[in-house]
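Peer 1: Dropping in input19.cif, which is mmCIF, C-alpha atoms and all ligand atoms:
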data_final
#
loop_
_atom_site.label_atom_id
_atom_site.label_comp_id
_atom_site.auth_asym_id
_atom_site.auth_seq_id
_atom_site.Cartn_x
_atom_site.Cartn_y
_atom_site.Cartn_z
CA SER A 1 0.00 0.00 0.00
CA ARG A 2 1.01 3.55 -0.68
CA THR A 3 0.89 6.57 1.61
CA LEU A 4 0.41 10.06 0.27
CA SER A 5 1.43 12.93 2.50
CA LEU A 6 -0.81 15.92 2.10
CA ALA A 7 -0.59 19.52 3.30
CA VAL A 8 -4.06 20.98 3.70
CA ILE A 9 -4.37 24.75 3.82
CA PRO A 10 -8.05 25.60 4.33
CA GLY A 11 -7.29 29.34 4.44
CA ASP A 12 -9.80 32.13 4.86
CA GLY A 13 -13.45 32.90 4.18
CA ILE A 14 -15.14 30.09 2.30
CA GLY A 15 -11.81 28.21 2.09
CA PRO A 16 -12.44 26.02 5.17
CA GLU A 17 -16.06 25.41 4.09
CA VAL A 18 -15.17 24.09 0.63
CA ILE A 19 -12.10 22.20 1.85
CA ALA A 20 -14.17 20.27 4.39
CA GLU A 21 -16.23 18.90 1.49
CA ALA A 22 -13.20 18.28 -0.71
CA GLU A 23 -11.54 16.25 2.04
CA LYS A 24 -14.68 14.15 2.52
CA VAL A 25 -14.70 13.36 -1.18
CA LEU A 26 -10.98 12.61 -1.20
CA GLU A 27 -11.23 10.19 1.71
CA ARG A 28 -14.20 8.44 0.18
CA ALA A 29 -12.53 8.22 -3.25
CA LEU A 30 -9.45 6.61 -1.72
CA SER A 31 -11.37 4.31 0.64
CA ALA A 32 -10.93 1.16 -1.46
CA SER A 33 -7.76 2.13 -3.29
CA GLY A 34 -5.09 0.92 -0.92
CA VAL A 35 -3.78 4.48 -0.70
CA THR A 36 -3.51 5.96 2.78
CA LEU A 37 -3.49 9.68 3.43
CA ASP A 38 -1.18 11.31 5.90
CA THR A 39 -2.60 14.80 6.29
CA GLN A 40 -1.08 17.79 8.02
CA ARG A 41 -3.17 20.91 8.39
CA PHE A 42 -1.60 24.36 8.12
CA SER A 43 -3.33 27.41 9.49
CA LEU A 44 -2.30 30.06 6.99
CA GLY A 45 -3.89 33.16 5.52
CA ALA A 46 -5.38 36.41 6.69
CA GLY A 47 -6.67 34.77 9.88
CA ARG A 48 -3.24 33.53 10.92
CA TYR A 49 -1.65 36.86 10.01
CA LEU A 50 -4.07 38.84 12.15
CA GLU A 51 -3.43 36.47 15.05
CA THR A 52 0.35 36.09 14.89
CA GLY A 53 1.73 38.44 12.24
CA ASP A 54 3.04 35.47 10.21
CA VAL A 55 2.33 35.16 6.50
CA LEU A 56 4.43 32.10 5.67
CA THR A 57 7.26 31.13 8.00
CA ASP A 58 10.33 29.26 6.77
CA ASP A 59 9.32 26.33 8.97
CA ASP A 60 5.87 26.17 7.40
CA LEU A 61 7.30 26.42 3.90
CA GLU A 62 9.81 23.68 4.63
CA ALA A 63 7.16 21.38 6.07
CA ILE A 64 4.84 22.00 3.13
CA ALA A 65 7.63 21.45 0.61
CA SER A 66 8.28 18.00 2.08
CA LYS A 67 4.76 16.74 1.27
CA ASP A 68 3.56 14.84 -1.78
CA ALA A 69 0.85 17.42 -2.53
CA ILE A 70 -1.00 20.45 -1.22
CA LEU A 71 -4.73 21.07 -1.09
CA LEU A 72 -5.60 24.73 -0.63
CA GLY A 73 -8.97 26.42 -0.15
CA ALA A 74 -8.49 30.14 -0.59
CA VAL A 75 -6.53 32.81 1.19
CA GLY A 76 -7.01 36.54 1.58
CA GLY A 77 -9.35 38.89 3.34
CA ALA A 78 -11.89 41.30 2.03
CA PRO A 79 -10.24 43.37 -0.71
CA GLY A 80 -9.12 46.65 0.85
CA ASP A 81 -9.23 45.52 4.50
CA PRO A 82 -6.87 48.09 6.07
CA ARG A 83 -5.55 45.60 8.65
CA LEU A 84 -4.11 43.50 5.82
CA LYS A 85 -2.51 46.41 3.97
CA ASP A 86 1.04 45.50 5.01
CA ALA A 87 0.63 41.73 4.82
CA ASN A 88 -0.02 41.12 1.14
CA ILE A 89 -1.21 37.58 1.75
CA GLU A 90 -1.58 36.93 -1.99
CA ARG A 91 2.06 37.62 -2.74
CA GLY A 92 3.57 36.48 0.54
CA LEU A 93 1.68 33.22 0.76
CA LEU A 94 -0.03 32.04 -2.42
CA LEU A 95 2.50 33.32 -4.94
CA LYS A 96 5.36 32.45 -2.61
CA LEU A 97 4.18 28.84 -2.61
CA ARG A 98 3.76 28.80 -6.40
CA PHE A 99 7.19 30.33 -6.96
CA SER A 100 9.12 28.42 -4.29
CA LEU A 101 7.65 25.10 -5.37
CA ASP A 102 8.23 25.94 -9.04
CA HIS A 103 4.60 25.51 -10.09
CA TYR A 104 5.31 26.51 -13.64
CA VAL A 105 2.12 24.98 -14.99
CA ASN A 106 -1.11 26.41 -13.69
CA LEU A 107 -3.61 23.97 -15.15
CA ARG A 108 -7.19 25.20 -15.35
CA PRO A 109 -9.68 22.97 -17.15
CA THR A 110 -13.12 24.16 -18.21
CA ARG A 111 -16.11 22.08 -19.18
CA VAL A 112 -19.70 23.10 -19.62
CA TYR A 113 -21.38 20.11 -18.02
CA PRO A 114 -24.68 18.90 -19.43
CA GLY A 115 -27.61 20.51 -17.64
CA VAL A 116 -25.56 23.25 -16.05
CA PRO A 117 -27.07 26.74 -16.04
CA SER A 118 -24.35 28.44 -18.10
CA PRO A 119 -24.94 32.12 -18.87
CA LEU A 120 -24.34 31.15 -22.50
CA ARG A 121 -27.64 30.08 -24.03
CA ASP A 122 -26.08 27.50 -26.29
CA ALA A 123 -22.50 26.94 -25.20
CA GLY A 124 -21.96 23.86 -27.35
CA ASP A 125 -19.54 21.12 -26.41
CA VAL A 126 -17.09 23.07 -24.29
CA ASP A 127 -14.05 21.20 -23.00
CA PHE A 128 -10.80 23.12 -22.93
CA VAL A 129 -7.87 23.58 -20.62
CA VAL A 130 -5.92 26.72 -19.97
CA VAL A 131 -2.23 26.13 -19.38
CA ARG A 132 -1.34 29.30 -17.55
CA GLU A 133 2.34 29.98 -16.91
CA GLY A 134 2.76 30.09 -13.12
CA THR A 135 6.14 31.46 -12.17
CA GLU A 136 6.88 34.44 -14.41
CA GLY A 137 5.22 37.31 -16.27
CA PRO A 138 3.97 40.42 -14.53
CA TYR A 139 3.58 38.38 -11.32
CA VAL A 140 7.26 38.29 -10.40
CA GLY A 141 7.22 41.58 -8.51
CA ASN A 142 9.84 43.11 -10.72
CA GLY A 143 8.93 46.73 -10.32
CA GLY A 144 8.97 49.73 -8.13
CA SER A 145 7.59 53.13 -7.59
CA ILE A 146 9.52 56.32 -8.10
CA ARG A 147 8.40 59.31 -6.03
CA PRO A 148 5.44 57.40 -4.57
CA GLY A 149 2.52 59.46 -3.37
CA THR A 150 3.51 62.51 -5.38
CA GLU A 151 1.97 63.78 -8.56
CA HIS A 152 5.16 62.76 -10.29
CA GLU A 153 4.89 59.14 -9.27
CA ILE A 154 6.06 56.53 -11.77
CA ALA A 155 4.95 52.98 -10.98
CA ASN A 156 6.66 50.24 -12.97
CA GLU A 157 5.62 46.60 -13.07
CA VAL A 158 7.85 44.69 -15.43
CA SER A 159 6.81 41.39 -16.97
CA VAL A 160 9.58 38.80 -16.93
CA ASN A 161 9.54 36.11 -19.62
CA THR A 162 12.53 33.79 -19.88
CA ALA A 163 13.25 31.48 -22.80
CA TYR A 164 13.58 28.65 -20.28
CA GLY A 165 10.29 29.45 -18.54
CA VAL A 166 8.29 29.95 -21.71
CA GLU A 167 9.65 26.85 -23.40
CA ARG A 168 8.84 24.46 -20.58
CA VAL A 169 5.24 25.59 -20.22
CA VAL A 170 4.67 25.66 -23.98
CA ARG A 171 6.06 22.13 -24.23
CA PHE A 172 3.67 21.00 -21.50
CA ALA A 173 0.77 22.54 -23.46
CA PHE A 174 1.71 20.65 -26.61
CA GLU A 175 2.03 17.38 -24.71
CA LYS A 176 -1.38 17.99 -23.20
CA ALA A 177 -2.89 18.77 -26.60
CA GLN A 178 -1.40 15.65 -28.11
CA ALA A 179 -3.30 13.59 -25.54
CA ARG A 180 -6.50 15.55 -26.24
CA ARG A 181 -7.88 17.08 -29.46
CA GLN A 182 -4.51 18.19 -30.88
CA ARG A 183 -5.05 21.91 -30.86
CA VAL A 184 -3.00 24.60 -29.12
CA THR A 185 -4.05 28.24 -29.06
CA LEU A 186 -1.44 30.74 -27.95
CA VAL A 187 -3.06 33.77 -26.35
CA HIS A 188 -0.97 36.89 -26.01
CA LYS A 189 -0.88 40.50 -27.13
CA THR A 190 1.95 40.36 -29.65
CA ASN A 191 0.74 43.48 -31.44
CA VAL A 192 1.57 45.63 -28.41
CA LEU A 193 3.77 43.60 -26.07
CA VAL A 194 6.27 43.00 -28.82
CA PHE A 195 9.25 41.66 -26.86
CA ALA A 196 7.48 39.10 -24.69
CA GLY A 197 5.03 38.43 -27.51
CA SER A 198 7.81 37.64 -29.92
CA LEU A 199 9.46 35.22 -27.48
CA TRP A 200 6.16 33.39 -26.87
CA LYS A 201 5.37 33.26 -30.61
CA ARG A 202 8.83 32.01 -31.61
CA THR A 203 8.77 29.43 -28.82
CA VAL A 204 5.37 28.10 -29.88
CA ASP A 205 6.49 27.91 -33.51
CA ALA A 206 9.67 26.06 -32.55
CA VAL A 207 8.00 23.54 -30.24
CA ALA A 208 5.21 23.04 -32.80
CA GLU A 209 7.77 21.56 -35.19
CA GLU A 210 8.15 18.63 -32.81
CA PHE A 211 4.38 18.07 -32.71
CA PRO A 212 3.34 17.97 -36.37
CA GLU A 213 -0.05 16.45 -35.54
CA VAL A 214 -0.94 19.40 -33.26
CA ASP A 215 -2.77 22.29 -34.84
CA VAL A 216 -1.52 25.75 -33.78
CA ASP A 217 -3.63 28.86 -33.52
CA TYR A 218 -2.92 32.35 -32.20
CA LEU A 219 -5.31 34.92 -30.69
CA HIS A 220 -4.73 38.31 -29.18
CA VAL A 221 -6.05 38.23 -25.62
CA ASP A 222 -8.82 40.74 -26.29
CA ALA A 223 -10.15 38.67 -29.17
CA ALA A 224 -9.77 35.53 -27.07
CA THR A 225 -12.31 36.95 -24.61
CA ILE A 226 -14.76 37.39 -27.50
CA PHE A 227 -14.42 33.79 -28.65
CA MET A 228 -14.58 32.48 -25.11
CA VAL A 229 -18.09 33.89 -24.98
CA THR A 230 -19.24 33.43 -28.59
CA ASP A 231 -17.57 30.13 -29.50
CA PRO A 232 -15.83 28.50 -26.51
CA ALA A 233 -16.13 25.05 -28.08
CA ARG A 234 -13.36 25.99 -30.51
CA PHE A 235 -10.70 25.74 -27.80
CA ASP A 236 -8.75 22.65 -26.79
CA VAL A 237 -5.54 23.79 -25.05
CA ILE A 238 -4.87 27.48 -24.48
CA VAL A 239 -1.35 28.42 -23.48
CA THR A 240 -0.72 31.89 -22.11
CA ASP A 241 1.19 33.96 -19.62
CA ASN A 242 0.48 34.33 -15.92
CA LEU A 243 -1.71 37.45 -16.04
CA PHE A 244 -3.67 36.72 -19.22
CA GLY A 245 -4.27 33.23 -17.83
CA ASP A 246 -5.56 34.63 -14.56
CA ILE A 247 -8.11 36.80 -16.33
CA LEU A 248 -9.17 34.23 -18.93
CA THR A 249 -9.79 31.54 -16.32
CA ASP A 250 -12.20 33.64 -14.26
CA LEU A 251 -14.08 34.24 -17.52
CA ALA A 252 -13.90 30.52 -18.28
CA GLY A 253 -15.32 29.78 -14.83
CA ALA A 254 -18.20 32.16 -15.43
CA ILE A 255 -19.17 30.62 -18.78
CA SER A 256 -18.95 27.11 -17.32
CA GLY A 257 -21.77 27.96 -14.94
CA GLY A 258 -20.01 29.80 -12.17
CA ILE A 259 -16.66 30.35 -10.53
CA GLY A 260 -17.72 27.79 -7.93
CA LEU A 261 -17.10 25.09 -10.56
CA ALA A 262 -13.58 26.07 -11.66
CA ALA A 263 -10.77 23.80 -10.48
CA SER A 264 -7.03 24.21 -10.80
CA GLY A 265 -3.71 22.53 -10.28
CA ASN A 266 -0.43 24.34 -9.73
CA ILE A 267 1.84 21.71 -11.12
CA ASN A 268 5.52 21.03 -10.96
CA PRO A 269 5.66 18.37 -13.68
CA THR A 270 9.18 17.26 -12.70
CA GLY A 271 7.89 15.97 -9.37
CA ARG A 272 10.73 17.74 -7.62
CA PHE A 273 8.28 19.76 -5.56
CA PRO A 274 4.73 19.00 -4.42
CA SER A 275 2.00 20.26 -6.71
CA MET A 276 -0.83 22.29 -5.23
CA PHE A 277 -4.52 21.89 -6.02
CA GLU A 278 -7.00 24.67 -5.36
CA PRO A 279 -10.22 26.13 -6.66
CA VAL A 280 -9.75 29.11 -8.99
CA HIS A 281 -11.96 31.30 -6.80
CA GLY A 282 -10.94 33.30 -3.75
CA SER A 283 -12.12 33.48 -0.16
CA ALA A 284 -15.41 35.16 -1.13
CA PRO A 285 -15.79 37.29 2.02
CA ASP A 286 -19.26 38.31 0.82
CA ILE A 287 -20.68 34.81 1.39
CA ALA A 288 -18.22 33.37 3.93
CA GLY A 289 -19.53 31.47 6.93
CA GLN A 290 -23.01 31.10 5.47
CA GLN A 291 -22.76 27.70 3.82
CA LYS A 292 -23.51 29.38 0.50
CA ALA A 293 -20.25 28.49 -1.26
CA ASP A 294 -20.28 25.90 -4.01
CA PRO A 295 -17.63 23.31 -3.07
CA THR A 296 -17.58 21.80 -6.57
CA ALA A 297 -14.42 23.64 -7.64
CA ALA A 298 -12.55 22.36 -4.59
CA ILE A 299 -13.89 18.84 -5.21
CA LEU A 300 -12.87 18.92 -8.87
CA SER A 301 -9.43 20.10 -7.72
CA VAL A 302 -9.24 16.86 -5.73
CA ALA A 303 -9.96 15.00 -8.99
CA LEU A 304 -7.03 16.83 -10.59
CA MET A 305 -4.87 15.77 -7.67
CA LEU A 306 -5.92 12.13 -8.00
CA ASP A 307 -5.08 12.29 -11.70
CA HIS A 308 -1.72 13.83 -10.91
CA PHE A 309 -0.94 10.82 -8.70
CA GLY A 310 -1.89 8.41 -11.47
CA LEU A 311 -5.10 7.46 -9.67
CA ALA A 312 -7.11 7.84 -12.86
CA ALA A 313 -9.94 5.53 -11.80
CA GLN A 314 -10.58 7.48 -8.61
CA ALA A 315 -10.30 10.79 -10.48
CA THR A 316 -12.90 9.64 -13.01
CA ALA A 317 -15.19 8.42 -10.25
CA VAL A 318 -15.09 11.88 -8.66
CA THR A 319 -15.69 13.77 -11.92
CA ASP A 320 -18.53 11.38 -12.81
CA ALA A 321 -20.11 11.97 -9.40
CA VAL A 322 -19.79 15.73 -9.85
CA GLU A 323 -21.19 15.57 -13.36
CA ALA A 324 -24.20 13.57 -12.16
CA ASP A 325 -24.76 15.99 -9.31
CA ILE A 326 -24.56 19.00 -11.61
CA ALA A 327 -27.03 17.46 -14.05
CA GLU A 328 -29.62 17.31 -11.29
CA ARG A 329 -29.12 20.74 -9.80
CA THR A 330 -32.27 22.79 -9.54
CA ALA A 331 -32.94 26.42 -8.80
CA SER A 332 -33.36 25.73 -5.09
CA PRO A 333 -30.03 26.35 -3.40
CA ARG A 334 -28.27 23.72 -1.29
CA THR A 335 -25.77 24.33 1.46
CA THR A 336 -22.07 23.74 0.91
CA THR A 337 -22.31 20.60 3.05
CA GLU A 338 -25.38 19.31 1.23
CA ILE A 339 -23.57 19.51 -2.10
CA GLY A 340 -20.51 17.76 -0.67
CA ASP A 341 -22.64 15.03 0.92
CA ALA A 342 -24.57 14.48 -2.31
CA ILE A 343 -21.34 13.99 -4.23
CA VAL A 344 -19.93 11.64 -1.59
CA ALA A 345 -23.19 9.65 -1.72
CA ARG A 346 -22.66 9.09 -5.42
CA LEU A 347 -19.28 7.54 -4.72
CA THR A 348 -20.86 4.20 -3.91
CA ASP A 349 -18.82 1.02 -3.54
CA GLU A 350 -20.14 0.12 -6.93
CA ALA A 351 -19.13 3.41 -8.57
CA LEU A 352 -15.63 3.15 -7.11
CA ALA A 353 -15.26 -0.53 -8.04
CA LEU A 354 -16.57 0.08 -11.56
CA GLU A 355 -14.03 2.79 -12.20
CA SER A 356 -11.09 0.81 -10.92
CA ARG A 357 -11.76 -2.28 -13.04
P1 LIG B 1 -13.61 35.70 -5.11
O1 LIG B 1 -13.36 34.63 -6.10
O2 LIG B 1 -13.33 35.38 -3.69
O3 LIG B 1 -15.13 36.19 -5.24
C1 LIG B 1 -15.69 36.72 -6.43
C2 LIG B 1 -17.21 36.47 -6.45
O4 LIG B 1 -17.44 35.06 -6.69
C3 LIG B 1 -17.88 36.79 -5.12
O5 LIG B 1 -19.17 37.32 -5.38
C4 LIG B 1 -18.02 35.43 -4.45
O6 LIG B 1 -19.11 35.33 -3.55
C5 LIG B 1 -18.22 34.51 -5.64
N1 LIG B 1 -17.70 33.16 -5.36
C6 LIG B 1 -16.38 32.81 -5.27
N2 LIG B 1 -16.27 31.51 -4.99
C7 LIG B 1 -17.51 31.00 -4.92
C8 LIG B 1 -18.04 29.70 -4.65
N3 LIG B 1 -17.25 28.63 -4.41
N4 LIG B 1 -19.39 29.54 -4.64
C9 LIG B 1 -20.18 30.59 -4.90
N5 LIG B 1 -19.75 31.84 -5.16
C10 LIG B 1 -18.44 32.05 -5.17
O7 LIG B 1 -12.74 36.97 -5.57
P2 LIG B 1 -12.45 38.37 -4.84
O8 LIG B 1 -13.68 38.86 -4.15
O9 LIG B 1 -11.80 39.19 -5.85
O10 LIG B 1 -11.36 38.01 -3.75
C11 LIG B 1 -11.61 37.78 -2.37
C12 LIG B 1 -10.28 37.47 -1.66
O11 LIG B 1 -9.77 36.23 -2.14
C13 LIG B 1 -9.19 38.50 -1.96
O12 LIG B 1 -8.43 38.66 -0.78
C14 LIG B 1 -8.37 37.86 -3.06
O13 LIG B 1 -7.07 38.32 -3.13
C15 LIG B 1 -8.43 36.42 -2.63
N6 LIG B 1 -8.22 35.43 -3.70
C16 LIG B 1 -7.57 34.30 -3.32
C17 LIG B 1 -7.40 33.28 -4.23
C18 LIG B 1 -6.72 32.05 -3.78
O14 LIG B 1 -6.48 31.85 -2.62
N7 LIG B 1 -6.38 31.16 -4.67
C19 LIG B 1 -7.93 33.40 -5.52
C20 LIG B 1 -8.61 34.59 -5.87
C21 LIG B 1 -8.76 35.59 -4.93
C1 LIG B 2 -5.88 33.05 -8.75
C2 LIG B 2 -5.85 34.30 -7.90
C3 LIG B 2 -4.41 34.68 -7.62
C4 LIG B 2 -3.73 34.95 -8.95
C5 LIG B 2 -4.21 35.88 -6.67
C6 LIG B 2 -5.02 35.75 -5.41
C7 LIG B 2 -2.75 36.08 -6.37
O1 LIG B 2 -6.55 35.32 -8.52
O2 LIG B 2 -5.43 31.99 -8.27
O3 LIG B 2 -6.38 33.10 -9.87
O4 LIG B 2 -3.81 36.07 -9.47
O5 LIG B 2 -3.11 34.03 -9.48
MN MN B 3 -7.52 34.73 -10.36
#
Could the structure of this file be written out as structure tokens, please?
Ligand code: NAD
Ligand code: IPM
Ligand code: MN
Peer 2:
Amino acid sequence: SRTLSLAVIPGDGIGPEVIAEAEKVLERALSASGVTLDTQRFSLGAGRYLETGDVLTDDDLEAIASKDAILLGAVGGAPGDPRLKDANIERGLLLKLRFSLDHYVNLRPTRVYPGVPSPLRDAGDVDFVVVREGTEGPYVGNGGSIRPGTEHEIANEVSVNTAYGVERVVRFAFEKAQARRQRVTLVHKTNVLVFAGSLWKRTVDAVAEEFPEVDVDYLHVDAATIFMVTDPARFDVIVTDNLFGDILTDLAGAISGGIGLAASGNINPTGRFPSMFEPVHGSAPDIAGQQKADPTAAILSVALMLDHFGLAAQATAVTDAVEADIAERTASPRTTTEIGDAIVARLTDEALALESR
């Protein structure tokens, strides 16, 4: 039998609510698999900061880095909370984890499940994955402010794109596409961001030579948002930089029927560091503590984690259970726990045994 060590970071707001359901599903999915979980919980986020002043200590980072994987809910307080002004939880915790653990692939799949109330009247057969670069771009914090607070202030935020960093994520996107519908769409803004755009374009063209069966397409990011709404079924694998990928995947979540459905994996494909699975959404302070959050995104993130560990049967069982649950959703709202319980209930002995045959 195999033991997987897991760091669980429930975080703030709705984070603990959705993670409770995700953990139930994970335990149930593994119940007959011979895999044992060894879970360590980390209290991190705005809550911990307000209590102790810590954002992410070296000890915490070291302990987390020694695990096989990380499951994270969401971190961060209400945008603009003055008590968190100096903390910058997003940079100091979430991005620090992604950067330190070299999560260069931020994998964000989107499907419009049958029966889901998508805001698109006729979405078509939507099944694409955004491969968002996770360690570079405008996220690196390469900037500064000159004469801050004066009317002569100059605030610079420089996007960093390395040949090494772009190549490895582009290669991952092509490998992904090869195993799917053989189509890669590069999304950038090469008409304006000419230096980074040129590097991304040249890299895609070069890697494409090694994947002759993969079709390559290019869209400027503004046009990509049009097609994501008017014709999302055209996409298979989208590869893009850290910031464009952030924006596109919230949009993708919205068209799929809500941000509460959007899952993600921050992957280090080399296996050198633990990958981290988390819903795309944040801590949603507006609905926190009310059992109003949809835990589906967190649960689907568990499915991505199972897949990452090669537990394909268990991953499929979870996605099937989610799909069946979504198909029967009605207008009457359920609590976070009710949705989690309904999905667990669909993971019957039979469903789990069927998938692992
Ligand atoms: P958000 O995703 O938390 O919320 C946006 C809207 O979506 C809100 O109306 C919220 O109620 C709704 N929503 C989000 N998740 C939902 C769910 N599971 N079910 C139903 N509705 C849901 O984004 P925000 O308001 O911009 O950010 C709130 C805080 O979260 C900020 O501090 C932000 O920095 C942080 N954040 C953290 C992460 C993360 O930890 N990965 C991601 C995004 C934002
Ligand atoms: C996300 C979030 C984060 C990001 C923030 C909270 C740093 O929006 O996971 O999409 O921009 O990557
Ligand atoms: Mn985001």
Peer 1: Collect all residues with atoms no farther than 9 Å from ligand LIG 2 (chain B), counting all atoms listed in the file, and output them as a ChimeraX atom specification.
Peer 2: /A:74-76,89-91,93-95,106,134,139,242-243,245-247,249-250,264,278-282
Peer 1: Could you write out the selected residues, including C-alpha atoms, as an mmCIF file, in the frame of the given file?
Peer 2:
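Wrote again.cif, looks like this:
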data_model
loop_
_atom_site.group_PDB
_atom_site.id
_atom_site.type_symbol
_atom_site.label_atom_id
_atom_site.label_comp_id
_atom_site.auth_asym_id
_atom_site.auth_seq_id
_atom_site.Cartn_x
_atom_site.Cartn_y
_atom_site.Cartn_z
ATOM 1 C CA ALA A 74 -8.490 30.140 -0.590
ATOM 2 C CA VAL A 75 -6.530 32.810 1.190
ATOM 3 C CA GLY A 76 -7.010 36.540 1.580
ATOM 4 C CA ILE A 89 -1.210 37.580 1.750
ATOM 5 C CA GLU A 90 -1.580 36.930 -1.990
ATOM 6 C CA ARG A 91 2.060 37.620 -2.740
ATOM 7 C CA LEU A 93 1.680 33.220 0.760
ATOM 8 C CA LEU A 94 -0.030 32.040 -2.420
ATOM 9 C CA LEU A 95 2.500 33.320 -4.940
ATOM 10 C CA ASN A 106 -1.110 26.410 -13.690
ATOM 11 C CA GLY A 134 2.760 30.090 -13.120
ATOM 12 C CA TYR A 139 3.580 38.380 -11.320
ATOM 13 C CA ASN A 242 0.480 34.330 -15.920
ATOM 14 C CA LEU A 243 -1.710 37.450 -16.040
ATOM 15 C CA GLY A 245 -4.270 33.230 -17.830
ATOM 16 C CA ASP A 246 -5.560 34.630 -14.560
ATOM 17 C CA ILE A 247 -8.110 36.800 -16.330
ATOM 18 C CA THR A 249 -9.790 31.540 -16.320
ATOM 19 C CA ASP A 250 -12.200 33.640 -14.260
ATOM 20 C CA SER A 264 -7.030 24.210 -10.800
ATOM 21 C CA GLU A 278 -7.000 24.670 -5.360
ATOM 22 C CA PRO A 279 -10.220 26.130 -6.660
ATOM 23 C CA VAL A 280 -9.750 29.110 -8.990
ATOM 24 C CA HIS A 281 -11.960 31.300 -6.800
ATOM 25 C CA GLY A 282 -10.940 33.300 -3.750
#
Peer 1: Counting only C-alpha atoms, which residue out of A:Glu323, A:Asp60, A:Asp205, A:Glu210 sits closest to Ala342 of chain A?
Peer 2: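 Comparing A:Glu323, A:Asp60, A:Asp205, A:Glu210 against Ala342 of chain A, the winner is A:Glu323.
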Peer 1: My list of candidates is A:Ser159, A:Asp122, A:Phe309, A:Leu347. Which is closest to Glu27 of chain A when distances are computed with all atoms listed in the file?
Peer 2: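 The closest residue to Glu27 of chain A is A:Leu347.
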Peer 1: Using only C-alpha atoms and all ligand atoms, determine which residues fall within 9 Å of ligand LIG 1 (chain B), then list them as a PyMOL selection string.
Peer 2: chain A and resi 11-15+18+45-46+72-81+88-90+93-94+250+258-262+278-288+292-298+336
Peer 1: One decimal, Å: what's the distance from atom CA of Leu50 of chain A over to atom CA of Ile19 of chain A, could you say?
Peer 2: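 Taking atom CA of Leu50 of chain A and atom CA of Ile19 of chain A, their separation equals 21.2 Å.
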Peer 1: How many Å separate atom CA of Tyr49 of chain A from atom CA of Asp86 of chain A?
Peer 2: 10.3 Å
Peer 1: Would you mind reading off the distance between atom CA of Ser33 of chain A and atom CA of Thr337 of chain A, one decimal, in Å?
Peer 2: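 Going from atom CA of Ser33 of chain A over to atom CA of Thr337 of chain A, I get 24.4 Å.
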Peer 1: Could you check the closest approach to Arg181 of chain A for each of A:Arg48, A:Arg234, A:Arg272, A:Arg111 and tell me which residue wins, using all atoms listed in the file?
Peer 2: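 Once distances to Arg181 of chain A are computed over all atoms listed in the file, the minimum belongs to A:Arg234.
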Peer 1: From the options A:Val126, A:Val302, A:Val169, A:Val318, which residue's atoms come nearest to Val8 of chain A, counting all atoms listed in the file?
Peer 2: A:Val302
Peer 1: Here is a test: counting only C-alpha atoms and all ligand atoms, which residue of A:Lys189, A:Val221, A:Arg132, A:Ile70 is nearest to ligand MN 3 (chain B)?
Peer 2: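 That would be A:Arg132, the residue with the smallest distance to ligand MN 3 (chain B).
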Peer 1: Please determine, counting all atoms listed in the file, which residue among A:Ala252, A:Ala65, A:Gly124, A:Gly47 has the shortest atom-to-atom distance to ligand MN 3 (chain B).
Peer 2: A:Ala252
Peer 1: I'd like the contact shell of Thr319 of chain A - 12 Å cut-off, all atoms listed in the file, skipping same-chain residues fewer than 4 positions apart - returned as a ChimeraX atom specification.
Peer 2: /A:25-26,29,111,113,261,263,296-307,312-315,323-326,343-344,346-347,351-352,355
Peer 1: Would you list the contacts of Gly271 of chain A as a list in words, taking every protein, DNA or RNA residue within 12 Å and counting all atoms listed in the file, but skipping same-chain residues closer than 5 positions in sequence?
Peer 2: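 Near neighbours after the sequence-gap exclusion: Ala65, Ser66, Lys67, Asp68, Ala69, Leu101, Asp102, His103, Tyr104, Asn266, Met276, His308 and Phe309 of chain A.
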Peer 1: With C-alpha atoms kept, could you save the residues just selected as a PDB file, in the frame of the given file?
Peer 2:
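Result file again-v6.pdb:
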ATOM      1  CA  ALA A  65       7.630  21.450   0.610  1.00  0.00           C
ATOM      2  CA  SER A  66       8.280  18.000   2.080  1.00  0.00           C
ATOM      3  CA  LYS A  67       4.760  16.740   1.270  1.00  0.00           C
ATOM      4  CA  ASP A  68       3.560  14.840  -1.780  1.00  0.00           C
ATOM      5  CA  ALA A  69       0.850  17.420  -2.530  1.00  0.00           C
ATOM      6  CA  LEU A 101       7.650  25.100  -5.370  1.00  0.00           C
ATOM      7  CA  ASP A 102       8.230  25.940  -9.040  1.00  0.00           C
ATOM      8  CA  HIS A 103       4.600  25.510 -10.090  1.00  0.00           C
ATOM      9  CA  TYR A 104       5.310  26.510 -13.640  1.00  0.00           C
ATOM     10  CA  ASN A 266      -0.430  24.340  -9.730  1.00  0.00           C
ATOM     11  CA  MET A 276      -0.830  22.290  -5.230  1.00  0.00           C
ATOM     12  CA  HIS A 308      -1.720  13.830 -10.910  1.00  0.00           C
ATOM     13  CA  PHE A 309      -0.940  10.820  -8.700  1.00  0.00           C
TER      14      PHE A 309
END
